[in-house]
$ cat final_11.cif   # mmCIF, C-alpha atoms and all ligand atoms
data_upload
#
loop_
_atom_site.group_PDB
_atom_site.id
_atom_site.type_symbol
_atom_site.label_atom_id
_atom_site.label_comp_id
_atom_site.auth_asym_id
_atom_site.auth_seq_id
_atom_site.Cartn_x
_atom_site.Cartn_y
_atom_site.Cartn_z
ATOM 1 C CA MET A 245 119.237 125.170 90.159
ATOM 2 C CA SER A 246 121.064 121.865 89.643
ATOM 3 C CA LEU A 247 119.719 119.232 87.267
ATOM 4 C CA ALA A 248 117.830 116.202 88.544
ATOM 5 C CA LYS A 249 120.238 113.268 88.878
ATOM 6 C CA PHE A 250 117.758 110.402 88.625
ATOM 7 C CA ILE A 251 114.081 109.537 88.198
ATOM 8 C CA LEU A 252 111.899 108.280 91.045
ATOM 9 C CA ALA A 253 109.491 105.800 89.425
ATOM 10 C CA SER A 254 106.724 106.303 91.997
ATOM 11 C CA GLN A 255 103.434 108.020 92.647
ATOM 12 C CA SER A 256 103.975 107.819 96.413
ATOM 13 C CA PRO A 257 104.192 111.201 98.174
ATOM 14 C CA ARG A 258 105.977 109.464 101.082
ATOM 15 C CA ARG A 259 108.828 108.240 98.877
ATOM 16 C CA ARG A 260 109.204 111.754 97.478
ATOM 17 C CA GLU A 261 109.270 113.239 100.957
ATOM 18 C CA LEU A 262 111.823 110.688 102.207
ATOM 19 C CA LEU A 263 114.187 111.358 99.307
ATOM 20 C CA GLU A 264 113.859 115.102 99.832
ATOM 21 C CA ARG A 265 114.990 114.567 103.440
ATOM 22 C CA ILE A 266 118.391 113.336 102.222
ATOM 23 C CA GLY A 267 118.713 116.258 99.811
ATOM 24 C CA ALA A 268 118.205 114.233 96.633
ATOM 25 C CA ASN A 269 117.536 116.027 93.345
ATOM 26 C CA PHE A 270 115.222 113.916 91.177
ATOM 27 C CA ASP A 271 112.327 113.861 88.709
ATOM 28 C CA VAL A 272 109.146 111.914 89.471
ATOM 29 C CA MET A 273 107.531 109.587 86.898
ATOM 30 C CA PRO A 274 105.098 106.963 88.219
ATOM 31 C CA ALA A 275 105.397 103.533 86.574
ATOM 32 C CA ASP A 276 102.291 101.860 85.215
ATOM 33 C CA VAL A 277 102.961 98.185 85.925
ATOM 34 C CA GLU A 278 100.958 95.176 87.033
ATOM 35 C CA GLU A 279 102.315 94.436 90.528
ATOM 36 C CA PHE A 280 102.354 90.982 92.102
ATOM 37 C CA GLU A 281 100.318 91.192 95.294
ATOM 38 C CA GLU A 282 98.750 87.953 96.449
ATOM 39 C CA GLY A 283 99.533 84.271 96.672
ATOM 40 C CA HIS A 284 103.261 84.793 96.863
ATOM 41 C CA GLY A 285 105.166 82.536 99.265
ATOM 42 C CA ASP A 286 108.177 84.827 99.306
ATOM 43 C CA PRO A 287 107.115 88.394 100.195
ATOM 44 C CA GLU A 288 110.656 89.732 100.239
ATOM 45 C CA GLY A 289 111.243 88.345 96.741
ATOM 46 C CA MET A 290 107.888 89.786 95.678
ATOM 47 C CA VAL A 291 108.674 93.386 96.728
ATOM 48 C CA ARG A 292 112.105 93.175 95.095
ATOM 49 C CA HIS A 293 110.483 91.915 91.921
ATOM 50 C CA ASN A 294 107.858 94.703 91.972
ATOM 51 C CA ALA A 295 110.520 97.355 92.628
ATOM 52 C CA GLN A 296 112.520 96.031 89.664
ATOM 53 C CA LEU A 297 109.383 96.085 87.457
ATOM 54 C CA LYS A 298 108.625 99.719 88.351
ATOM 55 C CA ALA A 299 112.196 100.938 87.769
ATOM 56 C CA ALA A 300 112.539 98.917 84.536
ATOM 57 C CA TRP A 301 109.290 100.324 83.117
ATOM 58 C CA ILE A 302 110.639 103.878 83.321
ATOM 59 C CA ALA A 303 114.269 102.919 82.538
ATOM 60 C CA ASP A 304 113.186 101.387 79.227
ATOM 61 C CA LYS A 305 111.649 104.733 78.240
ATOM 62 C CA HIS A 306 114.630 106.759 79.490
ATOM 63 C CA PRO A 307 117.674 104.559 78.815
ATOM 64 C CA GLN A 308 120.136 107.387 79.548
ATOM 65 C CA ARG A 309 118.807 108.027 83.069
ATOM 66 C CA PHE A 310 119.169 106.321 86.447
ATOM 67 C CA VAL A 311 115.757 105.193 87.751
ATOM 68 C CA LEU A 312 114.777 104.260 91.320
ATOM 69 C CA GLY A 313 111.720 102.061 91.963
ATOM 70 C CA SER A 314 110.344 100.712 95.228
ATOM 71 C CA ASP A 315 107.597 98.517 96.648
ATOM 72 C CA THR A 316 106.289 98.011 100.196
ATOM 73 C CA THR A 317 104.113 95.264 101.691
ATOM 74 C CA VAL A 318 102.883 94.179 105.074
ATOM 75 C CA HIS A 319 103.155 90.482 105.900
ATOM 76 C CA ILE A 320 101.321 88.540 108.616
ATOM 77 C CA ASP A 321 100.198 84.898 109.054
ATOM 78 C CA GLY A 322 101.818 83.939 105.753
ATOM 79 C CA ARG A 323 99.696 86.522 103.935
ATOM 80 C CA VAL A 324 100.523 89.770 102.198
ATOM 81 C CA LEU A 325 98.381 92.794 103.034
ATOM 82 C CA ALA A 326 98.556 95.150 100.068
ATOM 83 C CA LYS A 327 96.532 98.367 99.777
ATOM 84 C CA PRO A 328 92.913 97.899 100.964
ATOM 85 C CA GLU A 329 90.119 97.919 98.391
ATOM 86 C CA ASP A 330 87.750 100.020 100.523
ATOM 87 C CA LEU A 331 87.207 101.128 104.115
ATOM 88 C CA GLU A 332 85.687 97.778 105.145
ATOM 89 C CA ASP A 333 88.742 95.991 103.818
ATOM 90 C CA ALA A 334 90.931 98.528 105.648
ATOM 91 C CA ARG A 335 89.046 97.837 108.903
ATOM 92 C CA ARG A 336 89.537 94.081 108.465
ATOM 93 C CA MET A 337 93.268 94.637 107.916
ATOM 94 C CA LEU A 338 93.643 96.772 111.065
ATOM 95 C CA LYS A 339 91.727 94.156 113.086
ATOM 96 C CA THR A 340 94.134 91.498 111.809
ATOM 97 C CA LEU A 341 97.122 93.654 112.795
ATOM 98 C CA GLY A 342 95.769 94.833 116.202
ATOM 99 C CA GLY A 343 97.665 93.588 119.284
ATOM 100 C CA ARG A 344 100.203 91.679 117.187
ATOM 101 C CA THR A 345 103.566 91.970 115.438
ATOM 102 C CA HIS A 346 103.874 91.954 111.647
ATOM 103 C CA ILE A 347 106.664 92.350 109.115
ATOM 104 C CA VAL A 348 107.073 95.195 106.616
ATOM 105 C CA TYR A 349 109.242 94.568 103.577
ATOM 106 C CA THR A 350 110.361 97.225 101.138
ATOM 107 C CA GLY A 351 112.201 96.367 97.948
ATOM 108 C CA PHE A 352 114.078 98.962 95.943
ATOM 109 C CA ALA A 353 115.789 98.900 92.560
ATOM 110 C CA LEU A 354 118.167 101.244 90.755
ATOM 111 C CA ILE A 355 118.481 100.799 86.992
ATOM 112 C CA CYS A 356 120.371 102.636 84.248
ATOM 113 C CA ARG A 357 120.185 100.936 80.852
ATOM 114 C CA LYS A 358 122.958 102.990 79.251
ATOM 115 C CA ARG A 359 125.446 102.218 82.041
ATOM 116 C CA GLY A 360 124.342 98.610 82.429
ATOM 117 C CA VAL A 361 123.420 99.166 86.105
ATOM 118 C CA GLU A 362 120.730 97.058 87.732
ATOM 119 C CA VAL A 363 120.791 96.776 91.540
ATOM 120 C CA VAL A 364 117.906 95.269 93.505
ATOM 121 C CA ASP A 365 117.838 95.151 97.294
ATOM 122 C CA GLY A 366 115.408 95.230 100.194
ATOM 123 C CA ALA A 367 114.915 95.833 103.909
ATOM 124 C CA ARG A 368 112.761 94.296 106.632
ATOM 125 C CA SER A 369 111.223 95.867 109.749
ATOM 126 C CA GLU A 370 108.867 94.578 112.454
ATOM 127 C CA VAL A 371 105.923 96.584 113.755
ATOM 128 C CA THR A 372 103.864 95.786 116.852
ATOM 129 C CA PHE A 373 100.362 97.247 117.037
ATOM 130 C CA LYS A 374 98.376 98.195 120.117
ATOM 131 C CA PRO A 375 95.139 96.236 120.563
ATOM 132 C CA LEU A 376 92.569 98.030 118.355
ATOM 133 C CA ASP A 377 88.817 98.277 119.007
ATOM 134 C CA ASP A 378 86.247 99.715 116.575
ATOM 135 C CA ALA A 379 86.239 103.150 118.254
ATOM 136 C CA THR A 380 90.019 103.437 117.868
ATOM 137 C CA ILE A 381 89.834 102.360 114.221
ATOM 138 C CA ASP A 382 87.080 104.974 113.617
ATOM 139 C CA ALA A 383 89.268 107.650 115.232
ATOM 140 C CA TYR A 384 92.215 106.532 113.107
ATOM 141 C CA PHE A 385 90.197 106.778 109.887
ATOM 142 C CA GLU A 386 89.229 110.347 110.882
ATOM 143 C CA ILE A 387 92.851 111.435 110.578
ATOM 144 C CA VAL A 388 94.439 108.980 108.120
ATOM 145 C CA ASN A 389 93.440 107.853 104.636
ATOM 146 C CA PRO A 390 94.215 104.091 104.765
ATOM 147 C CA LEU A 391 93.374 103.371 101.125
ATOM 148 C CA ASP A 392 96.714 104.282 99.544
ATOM 149 C CA LYS A 393 98.798 102.421 102.127
ATOM 150 C CA ALA A 394 99.888 98.796 102.336
ATOM 151 C CA GLY A 395 98.262 97.213 105.422
ATOM 152 C CA ALA A 396 95.842 100.186 105.704
ATOM 153 C CA TYR A 397 98.075 102.264 107.942
ATOM 154 C CA GLY A 398 100.916 104.744 107.875
ATOM 155 C CA ILE A 399 103.526 104.619 110.628
ATOM 156 C CA GLN A 400 104.004 108.366 110.075
ATOM 157 C CA GLU A 401 100.414 109.417 110.861
ATOM 158 C CA GLY A 402 98.239 108.881 113.961
ATOM 159 C CA THR A 403 101.088 106.802 115.338
ATOM 160 C CA GLU A 404 100.058 107.021 118.999
ATOM 161 C CA LEU A 405 96.636 105.517 118.209
ATOM 162 C CA ILE A 406 97.881 102.303 116.647
ATOM 163 C CA ILE A 407 101.623 101.692 117.032
ATOM 164 C CA ASP A 408 103.082 100.117 120.144
ATOM 165 C CA SER A 409 106.680 99.736 118.902
ATOM 166 C CA PHE A 410 108.820 98.871 115.917
ATOM 167 C CA VAL A 411 112.200 97.280 115.196
ATOM 168 C CA GLY A 412 114.301 98.280 112.183
ATOM 169 C CA SER A 413 114.141 101.255 109.903
ATOM 170 C CA HIS A 414 111.254 103.750 110.228
ATOM 171 C CA SER A 415 111.724 104.965 106.652
ATOM 172 C CA ASN A 416 111.572 101.377 105.401
ATOM 173 C CA ILE A 417 108.098 101.072 106.946
ATOM 174 C CA MET A 418 107.096 104.368 105.282
ATOM 175 C CA GLY A 419 108.128 103.102 101.853
ATOM 176 C CA LEU A 420 111.883 103.512 101.281
ATOM 177 C CA PRO A 421 114.788 102.483 103.576
ATOM 178 C CA LEU A 422 116.796 105.704 103.654
ATOM 179 C CA ASP A 423 120.196 104.506 104.899
ATOM 180 C CA GLU A 424 120.405 101.788 102.247
ATOM 181 C CA THR A 425 119.014 104.037 99.493
ATOM 182 C CA LYS A 426 121.390 106.869 100.399
ATOM 183 C CA ALA A 427 124.401 104.517 100.238
ATOM 184 C CA LEU A 428 123.269 103.195 96.859
ATOM 185 C CA LEU A 429 122.720 106.686 95.400
ATOM 186 C CA GLU A 430 126.115 107.832 96.718
ATOM 187 C CA ARG A 431 127.823 104.804 95.189
ATOM 188 C CA HIS A 432 126.524 105.916 91.784
ATOM 189 C CA LYS A 433 127.203 109.638 92.432
ATOM 190 C CA LEU A 434 123.505 110.474 92.373
ATOM 191 C CA LEU A 435 123.464 112.482 95.602
HETATM 192 C C1 LIG B 501 103.213 100.141 105.911
HETATM 193 C C2 LIG B 501 103.137 101.540 105.349
HETATM 194 C C3 LIG B 501 102.930 101.751 103.981
HETATM 195 N N1 LIG B 501 102.853 103.009 103.480
HETATM 196 C C4 LIG B 501 102.662 103.254 102.037
HETATM 197 C C5 LIG B 501 103.966 103.352 101.251
HETATM 198 C C6 LIG B 501 103.521 103.095 99.846
HETATM 199 O O1 LIG B 501 103.175 104.353 99.254
HETATM 200 C C7 LIG B 501 102.277 102.239 99.997
HETATM 201 C C8 LIG B 501 102.519 100.842 99.477
HETATM 202 O O2 LIG B 501 102.229 100.776 98.113
HETATM 203 P P1 LIG B 501 103.313 100.607 96.980
HETATM 204 O O3 LIG B 501 102.689 99.766 95.902
HETATM 205 O O4 LIG B 501 104.609 100.144 97.559
HETATM 206 O O5 LIG B 501 103.568 102.099 96.431
HETATM 207 P P2 LIG B 501 102.575 103.153 95.756
HETATM 208 O O6 LIG B 501 101.560 102.452 94.885
HETATM 209 O O7 LIG B 501 102.049 104.078 96.796
HETATM 210 O O8 LIG B 501 103.563 103.985 94.859
HETATM 211 P P3 LIG B 501 104.411 103.481 93.584
HETATM 212 O O9 LIG B 501 104.028 102.052 93.274
HETATM 213 O O10 LIG B 501 104.055 104.402 92.468
HETATM 214 O O11 LIG B 501 105.841 103.614 94.038
HETATM 215 O O12 LIG B 501 101.981 102.195 101.378
HETATM 216 C C9 LIG B 501 102.979 104.127 104.316
HETATM 217 O O13 LIG B 501 102.889 105.276 103.869
HETATM 218 N N2 LIG B 501 103.218 103.935 105.653
HETATM 219 C C10 LIG B 501 103.299 102.692 106.210
HETATM 220 O O14 LIG B 501 103.527 102.577 107.442
#
$ encode --input "final_11.cif" --output "structure tokens"
Amino acid sequence: MSLAKFILASQSPRRRELLERIGANFDVMPADVEEFEEGHGDPEGMVRHNAQLKAAWIADKHPQRFVLGSDTTVHIDGRVLAKPEDLEDARRMLKTLGGRTHIVYTGFALICRKRGVEVVDGARSEVTFKPLDDATIDAYFEIVNPLDKAGAYGIQEGTELIIDSFVGSHSNIMGLPLDETKALLERHKLL
């Protein structure tokens, strides 16, 4: 078995799954940071900042290792939809998103203190929802847990119930833009 080449600073099972798809060999250590979520006029800057915070928190504890951090938010009407507080909040979010197009930003950061590497980047996708009534939202909640997902949905689950179409990277909407991340990991010989 080969040794892990970097640390994924995330608790997200989706990010783990995405990285496994490109054959990455990594350890997982979730970062315990205070993320910026609301009242931010620049959502793309916000996710980049949060990704940097997560990677830096682990990198400071493991200065020899490369660390990858990431952050995803949903943006609509000048507002950020982070993870819902409860099912009522999740329902309100899906009603806001229903029948309309919103933006998903993911920021990602790769840091290695020993090598002096700190790269922060991001990707943007657009998702258009089908119109959603209460019965459809109930059916969606039967099959998907919305509480651990930005915007209260996952593009990877129950897709046909809620998603009409999307533009951009599917993996970016799930939590980590794979093409960009793969190129970055290859550049640093981490794949
Ligand atoms: C929009 C969308 C988000 N999500 C998920 C990805 C992220 O896990 C989550 C956004 O929250 P994040 O704060 O980006 O990530 P996290 O708290 O789950 O993990 P960590 O901070 O430890 O890295 O929403 C989906 O799974 N599918 C989607 O379509």
$ closest_residue --input "final_11.cif" --among "A:Ile302, A:Ala367, A:Ala379, A:Ile417" --to "ligand LIG 501 (chain B)" --atoms "only C-alpha atoms and all ligand atoms"
A:Ile417
$ residues_around --input "final_11.cif" --residues "Pro328 in chain A" --least-positions-apart "6" --cutoff "8 Å" --atoms "all atoms listed in the file" --output "number ranges by chain"
A: 334, 337, 390-396
$ resolve_selection --input "final_11.cif" --expression "the PyMOL selection byres (((not hetatm)) within 8 of (chain B and resi 501))" --output "NGL selection string"
:A and (253-259 or 274-276 or 279 or 291 or 295 or 298 or 313-318 or 326-327 or 348 or 350 or 392-400 or 417-420)
$ resolve_selection --input "final_11.cif" --expression "the PyMOL selection byres (((chain A and resi 312) around 7) and not hetatm)" --output "PyMOL selection string"
chain A and resi 251-253+299+310-311+313-314+353-355
$ residues_around --input "final_11.cif" --residues "Leu338 in chain A" --least-positions-apart "2" --cutoff "10 Å" --atoms "only C-alpha atoms" --output "mmCIF file with C-alpha atoms, in the frame of the given file"
data_model
loop_
_atom_site.group_PDB
_atom_site.id
_atom_site.type_symbol
_atom_site.label_atom_id
_atom_site.label_comp_id
_atom_site.auth_asym_id
_atom_site.auth_seq_id
_atom_site.Cartn_x
_atom_site.Cartn_y
_atom_site.Cartn_z
ATOM 1 C CA GLU A 332 85.687 97.778 105.145
ATOM 2 C CA ASP A 333 88.742 95.991 103.818
ATOM 3 C CA ALA A 334 90.931 98.528 105.648
ATOM 4 C CA ARG A 335 89.046 97.837 108.903
ATOM 5 C CA ARG A 336 89.537 94.081 108.465
ATOM 6 C CA THR A 340 94.134 91.498 111.809
ATOM 7 C CA LEU A 341 97.122 93.654 112.795
ATOM 8 C CA GLY A 342 95.769 94.833 116.202
ATOM 9 C CA GLY A 343 97.665 93.588 119.284
ATOM 10 C CA PHE A 373 100.362 97.247 117.037
ATOM 11 C CA PRO A 375 95.139 96.236 120.563
ATOM 12 C CA LEU A 376 92.569 98.030 118.355
ATOM 13 C CA ASP A 377 88.817 98.277 119.007
ATOM 14 C CA ASP A 378 86.247 99.715 116.575
ATOM 15 C CA ILE A 381 89.834 102.360 114.221
ATOM 16 C CA PRO A 390 94.215 104.091 104.765
ATOM 17 C CA GLY A 395 98.262 97.213 105.422
ATOM 18 C CA ALA A 396 95.842 100.186 105.704
ATOM 19 C CA TYR A 397 98.075 102.264 107.942
ATOM 20 C CA ILE A 406 97.881 102.303 116.647
#
$ atom_distance --input "final_11.cif" --atom1 "CA of Gly289 in chain A" --atom2 "CA of Val324 in chain A"
12.1 Å
$ atom_distance --input "final_11.cif" --atom1 "CA of Arg260 in chain A" --atom2 "CA of Ala248 in chain A"
13.2 Å
$ resolve_selection --input "final_11.cif" --expression "the PyMOL selection byres (((chain A and resi 356) around 9) and not hetatm)" --output "list of chain:residue names"
A:Ala300, A:Ala303, A:Asp304, A:His306, A:Pro307, A:Gln308, A:Arg309, A:Phe310, A:Val311, A:Leu354, A:Ile355, A:Arg357, A:Lys358, A:Arg359, A:Gly360, A:Val361, A:Glu362
